[in-house]
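Let me begin by presenting the structure, written as structure tokens, before commenting on it.
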Amino acid sequence: LVSSRYANRLHWLRTLLSHVDSDARESAARLLGIASSALSSSAALNLLSELTSALDPNHPSRFEIYHGLLCATGYVTACCLKESYIPEELVQKVVDILVKVVESEGSTLASLAMESLGHIGLRCVLPSISRNSSAAGVLTVLHERLTKLLSENDTKAIQKILVSLGHISWNELSFSHLKIALDLIFSLARSKVEDVLFASGEALSFIWGEVPVTADVILETNFVSLSQATNFLTGDAPLLDSRNFGKRSSCEEARTTAQDEIINKLFDTLIYSSRKEERCAGTVCLVSLTMYCGRHPKILELLP
């Protein structure tokens, strides 16, 4: 209903991508992604091509316009992936553009590019990036840059990056890539910022797997965070359709290894640490896993 309602209002939505209010830009970008699902495959791909061409680093653009385009690119690409009519070459091009934004821009735009990569990661495994005549995973390429961004004091940017790491890991098949995400998340274990700790817990929950939301819920509703969508502790966590578990089976081995890594980090390092900050971080992460993945057998084993 929403997609068909806005499919004929694409021009209006695109003008809102440059709105002075960032929330308005992000809402317009989400609606643009939803509306694109009602377009023909050629029209949706043309829309995506127009968005990515405007992200050319040599293309002069106001901050608000660039910000809106970045956000919309992630949503529209995710929609095209859902409908399965986007060629691999275009996905590769989009991911490469977003990676370059992370590498070259400040924390605000870099974190939004990461968020868009996360939205794409909710639909597929991110393709490798070519660097110096060799190919490497996105997080491998961005590891040093993300480490720097996470060491800065931009709390909102850090939150976006952390949650994006969880989203990128949603379909990941390689434990080595999941390990990079885990290391980046746990690098903030001494943070004293509450919002950062809870974003870390949410990211870990996505890496753990089987959170009671779907990619459609995240991308096509007014979803904000797991904390607002579900809570196992209060009994309002929705039951997952068994089909959602099947989608994760192809990466079960990597997921299981990542779960063991999380448990070891929490119980061998953080929760019993001599440092108060690390104990706090470990506790927040454990509570988050219980809230969002509380029906998972391994989580149930940890509970008294």
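Each chain in the structure tokens gets a letter, A, B and so on, in the order shown; residues start at 1 in every chain, and ligands are counted from 1 in the order they appear.
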Polymer residues at most 12 Å from Leu32 in chain A, only C-alpha atoms, same-chain spacing of 3 or more positions, as number ranges by chain: A: 2-17, 25-29, 35-39, 44, 47-48, 51, 68-69, 71-80, 219-220
Save the residues we just selected, C-alpha atoms, as a short mmCIF file (atom, residue, chain, number, x, y, z; two decimals), in the first residue's frame?
data_model
loop_
_atom_site.label_atom_id
_atom_site.label_comp_id
_atom_site.auth_asym_id
_atom_site.auth_seq_id
_atom_site.Cartn_x
_atom_site.Cartn_y
_atom_site.Cartn_z
CA VAL A 2 2.74 2.46 0.97
CA SER A 3 4.88 1.58 -2.05
CA SER A 4 2.06 2.06 -4.55
CA ARG A 5 0.96 5.29 -2.86
CA TYR A 6 4.38 6.90 -3.22
CA ALA A 7 5.53 5.31 -6.50
CA ASN A 8 4.08 8.27 -8.41
CA ARG A 9 5.62 10.81 -6.05
CA LEU A 10 9.29 10.01 -6.56
CA HIS A 11 10.16 13.55 -7.62
CA TRP A 12 8.66 14.94 -4.42
CA LEU A 13 10.52 12.38 -2.30
CA ARG A 14 13.79 13.19 -4.05
CA THR A 15 13.36 16.89 -3.28
CA LEU A 16 12.99 15.96 0.39
CA LEU A 17 16.41 14.27 0.31
CA ARG A 25 15.92 13.39 4.83
CA GLU A 26 16.23 9.94 6.34
CA SER A 27 12.45 9.41 6.34
CA ALA A 28 12.27 10.46 2.68
CA ALA A 29 15.11 8.06 1.86
CA ALA A 35 8.30 3.20 -3.20
CA SER A 36 10.92 1.78 -5.55
CA SER A 37 9.53 -1.71 -4.94
CA ALA A 38 6.42 -0.66 -6.89
CA LEU A 39 8.47 0.41 -9.90
CA ALA A 44 14.13 1.12 -10.13
CA LEU A 47 16.65 5.51 -10.05
CA LEU A 48 19.56 3.76 -8.35
CA LEU A 51 21.47 8.30 -7.06
CA GLY A 68 20.15 12.40 1.63
CA LEU A 69 21.63 10.66 -1.41
CA CYS A 71 20.84 7.37 2.84
CA ALA A 72 18.59 6.74 -0.17
CA THR A 73 21.26 4.71 -1.97
CA GLY A 74 21.26 2.09 0.78
CA TYR A 75 17.48 1.76 0.92
CA VAL A 76 16.97 1.63 -2.85
CA THR A 77 19.80 -0.89 -3.35
CA ALA A 78 18.30 -3.08 -0.62
CA CYS A 79 14.92 -2.92 -2.37
CA CYS A 80 16.44 -3.91 -5.73
CA LEU A 219 13.98 -1.49 5.99
CA GLU A 220 10.29 -1.08 5.26
#
Test item: residues at most 12 Å from Ile218 in chain A, only C-alpha atoms, excluding those fewer than 2 positions along its chain, as a PyMOL selection string: chain A and resi 30+33-34+75+78-79+115+118-123+163-164+167+206+211-216+220-226+228-229
Restricting the output to N, CA and C atoms, write the selected residues as a CSV table (one decimal), in the first residue's frame.
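Below is the file result-v2.csv, written as the result:
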chain,number,residue,atom,x,y,z
A,30,ARG,N,14.0,6.5,3.3
A,30,ARG,CA,13.3,5.2,3.5
A,30,ARG,C,12.1,5.0,2.7
A,33,GLY,N,13.0,4.1,-0.8
A,33,GLY,CA,13.3,2.7,-1.0
A,33,GLY,C,12.1,1.9,-1.0
A,34,ILE,N,11.1,2.2,-0.2
A,34,ILE,CA,9.8,1.4,-0.2
A,34,ILE,C,9.1,1.6,-1.5
A,75,TYR,N,18.8,2.3,0.9
A,75,TYR,CA,17.5,1.8,0.9
A,75,TYR,C,17.1,1.3,-0.5
A,78,ALA,N,18.9,-2.0,-1.4
A,78,ALA,CA,18.3,-3.1,-0.6
A,78,ALA,C,17.0,-3.5,-1.3
A,79,CYS,N,16.2,-2.6,-1.7
A,79,CYS,CA,14.9,-2.9,-2.4
A,79,CYS,C,15.2,-3.7,-3.7
A,115,GLU,N,26.0,2.9,7.4
A,115,GLU,CA,24.6,2.5,7.6
A,115,GLU,C,24.0,2.0,6.3
A,118,GLY,N,25.2,-1.3,5.7
A,118,GLY,CA,24.5,-2.3,6.6
A,118,GLY,C,23.1,-2.6,6.0
A,119,HIS,N,22.4,-1.7,5.4
A,119,HIS,CA,21.1,-2.0,4.8
A,119,HIS,C,21.3,-2.9,3.6
A,120,ILE,N,22.3,-2.7,2.8
A,120,ILE,CA,22.6,-3.7,1.7
A,120,ILE,C,23.0,-5.1,2.3
A,121,GLY,N,23.7,-5.1,3.4
A,121,GLY,CA,24.1,-6.3,4.1
A,121,GLY,C,23.0,-7.1,4.6
A,122,LEU,N,21.8,-6.4,4.9
A,122,LEU,CA,20.7,-7.1,5.3
A,122,LEU,C,20.0,-8.0,4.2
A,123,ARG,N,20.4,-7.7,3.0
A,123,ARG,CA,19.9,-8.4,1.8
A,123,ARG,C,20.8,-9.4,1.2
A,163,VAL,N,25.8,-0.3,14.9
A,163,VAL,CA,24.7,-1.1,14.4
A,163,VAL,C,24.9,-1.6,13.0
A,164,SER,N,25.6,-0.8,12.2
A,164,SER,CA,25.8,-1.2,10.8
A,164,SER,C,26.7,-2.4,10.8
A,167,HIS,N,24.4,-5.2,11.1
A,167,HIS,CA,23.6,-5.5,9.9
A,167,HIS,C,24.5,-6.1,8.8
A,206,PHE,N,22.8,-8.9,16.5
A,206,PHE,CA,22.6,-9.2,15.1
A,206,PHE,C,23.7,-10.2,14.7
A,211,VAL,N,17.7,-12.7,15.8
A,211,VAL,CA,16.9,-11.6,16.4
A,211,VAL,C,15.5,-11.7,15.9
A,212,PRO,N,14.5,-11.3,16.7
A,212,PRO,CA,13.1,-11.5,16.2
A,212,PRO,C,12.6,-10.3,15.4
A,213,VAL,N,13.4,-9.9,14.4
A,213,VAL,CA,13.0,-8.9,13.4
A,213,VAL,C,13.5,-9.4,12.1
A,214,THR,N,12.9,-9.0,11.0
A,214,THR,CA,13.4,-9.4,9.7
A,214,THR,C,13.9,-8.2,8.9
A,215,ALA,N,14.6,-8.4,7.8
A,215,ALA,CA,15.1,-7.3,7.0
A,215,ALA,C,14.0,-6.4,6.6
A,216,ASP,N,12.9,-7.0,6.2
A,216,ASP,CA,11.7,-6.2,5.8
A,216,ASP,C,11.3,-5.2,6.9
A,220,GLU,N,11.6,-1.5,5.9
A,220,GLU,CA,10.3,-1.1,5.3
A,220,GLU,C,9.2,-0.6,6.3
A,221,THR,N,9.6,-0.5,7.5
A,221,THR,CA,8.7,0.1,8.5
A,221,THR,C,9.4,1.2,9.2
A,222,ASN,N,8.8,1.7,10.3
A,222,ASN,CA,9.4,2.8,11.0
A,222,ASN,C,10.3,2.3,12.1
A,223,PHE,N,10.9,1.1,11.9
A,223,PHE,CA,11.9,0.5,12.8
A,223,PHE,C,13.0,1.5,13.1
A,224,VAL,N,13.3,1.6,14.4
A,224,VAL,CA,14.4,2.5,14.9
A,224,VAL,C,15.5,1.6,15.5
A,225,SER,N,15.2,0.7,16.4
A,225,SER,CA,16.2,-0.1,17.1
A,225,SER,C,15.5,-1.3,17.7
A,226,LEU,N,16.3,-2.3,18.0
A,226,LEU,CA,15.8,-3.5,18.6
A,226,LEU,C,15.1,-3.2,20.0
A,228,GLN,N,13.3,-0.8,20.8
A,228,GLN,CA,12.0,-0.3,20.6
A,228,GLN,C,11.1,-1.3,20.0
A,229,ALA,N,11.7,-2.4,19.4
A,229,ALA,CA,10.9,-3.3,18.7
A,229,ALA,C,10.6,-4.6,19.4
Strand (DSSP E) per DSSP on the backbone: members of range 106-232 of chain A, as a PyMOL selection string: chain A and resi 129-131+134-136
Nearest to Lys93 in chain A by atom-to-atom distance, counting only C-alpha atoms, from A:Glu172, A:Asp260, A:Asp56, A:Glu64: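 So, comparing all the options, the nearest one is A:Asp56.
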Secondary structure check, helix (DSSP H, G or I) residues of range 31-67 of chain A, as a list of chain:residue names: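 Everything in range 31-67 of chain A that counts as helix (DSSP H, G or I) is A:Leu31, A:Leu32, A:Gly33, A:Ile34, A:Ala35, A:Ser36, A:Ser41, A:Ser42, A:Ala43, A:Ala44, A:Leu45, A:Asn46, A:Leu47, A:Leu48, A:Ser49, A:Glu50, A:Leu51, A:Thr52, A:Ser53, A:Phe63, A:Glu64, A:Ile65, A:Tyr66, A:His67.
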Atom pair CA of Ser49 in chain A / CA of His177 in chain A: separation (Å):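 If I compute the distance from CA of Ser49 in chain A to CA of His177 in chain A, I get 28.5 Å.
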Val284 in chain A surroundings by only C-alpha atoms, 8 Å radius, close-in-sequence under 3 positions cut, as a list in words: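 In the requested form, the answer reads Leu197, Phe198, Gly201, Cys280, Ala281, Val287 and Ser288 of chain A.
Distance annotation: of A:Val101, A:Leu286, A:Pro127, A:Val193, the residue with the minimal separation from Glu89 in chain A is A:Pro127; atom set is only C-alpha atoms.
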Separation of CA of Ala54 in chain A from CA of Lys148 in chain A in Å: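 Separation of CA of Lys148 in chain A and CA of Ala54 in chain A: 27.0 Å.
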Residue contacts of Tyr66 in chain A (8 Å, only C-alpha atoms) excluding same-chain residues fewer than 5 positions away, as a list in words: Ser18, Leu55 and Ser61 of chain A
Pick from A:Leu45, A:Val102, A:Leu117, A:Leu149 nearest to Ser84 in chain A, counting only C-alpha atoms: A:Leu45
Near-Arg275 in chain A list (12 Å; only C-alpha atoms; drop same-chain fewer than 4 positions) as an NGL selection string: :A and (189-192 or 269-271 or 279-282)
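Across the model, the gap from CA of Ile161 in chain A to CA of Met114 in chain A is 6.0 Å.
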Residue contacts of Gly209 in chain A (9 Å, only C-alpha atoms) excluding same-chain residues fewer than 4 positions away, as a VMD selection string: chain A and resid 169 to 170 204 to 205 245 248 255 259 293 296
Write the residues of the selection above to a file with N, CA and C atoms, as a compact mmCIF listing (two decimals), in the first residue's frame.
# COMPACT_ATOMS: atom_id res chain seq x y z
N SER A 169 26.83 -8.04 9.15
CA SER A 169 27.10 -9.43 9.55
C SER A 169 25.88 -10.34 9.41
N TRP A 170 24.74 -9.78 9.09
CA TRP A 170 23.47 -10.53 9.05
C TRP A 170 23.55 -11.76 8.15
N LEU A 204 25.97 -6.78 18.62
CA LEU A 204 26.31 -8.16 18.98
C LEU A 204 25.11 -9.09 18.79
N SER A 205 23.92 -8.59 19.05
CA SER A 205 22.72 -9.41 18.89
C SER A 205 22.50 -9.79 17.43
N PHE A 245 14.85 -18.85 10.35
CA PHE A 245 15.97 -19.63 10.83
C PHE A 245 16.66 -20.35 9.68
N ARG A 248 19.38 -18.57 7.88
CA ARG A 248 20.66 -18.44 8.57
C ARG A 248 21.48 -19.73 8.51
N ARG A 255 28.43 -18.59 12.36
CA ARG A 255 27.60 -17.99 13.41
C ARG A 255 27.89 -18.65 14.76
N GLN A 259 29.32 -16.90 18.11
CA GLN A 259 28.63 -16.96 19.40
C GLN A 259 29.59 -17.39 20.51
N CYS A 293 17.79 -11.92 21.98
CA CYS A 293 18.01 -13.30 21.50
C CYS A 293 17.67 -14.29 22.60
N HIS A 296 17.13 -18.11 22.20
CA HIS A 296 18.16 -18.97 21.60
C HIS A 296 18.68 -19.95 22.66
Residue nearest Glu50 in chain A among A:Val94, A:Thr147, A:Ala136, A:Glu88 (counting only C-alpha atoms): A:Val94
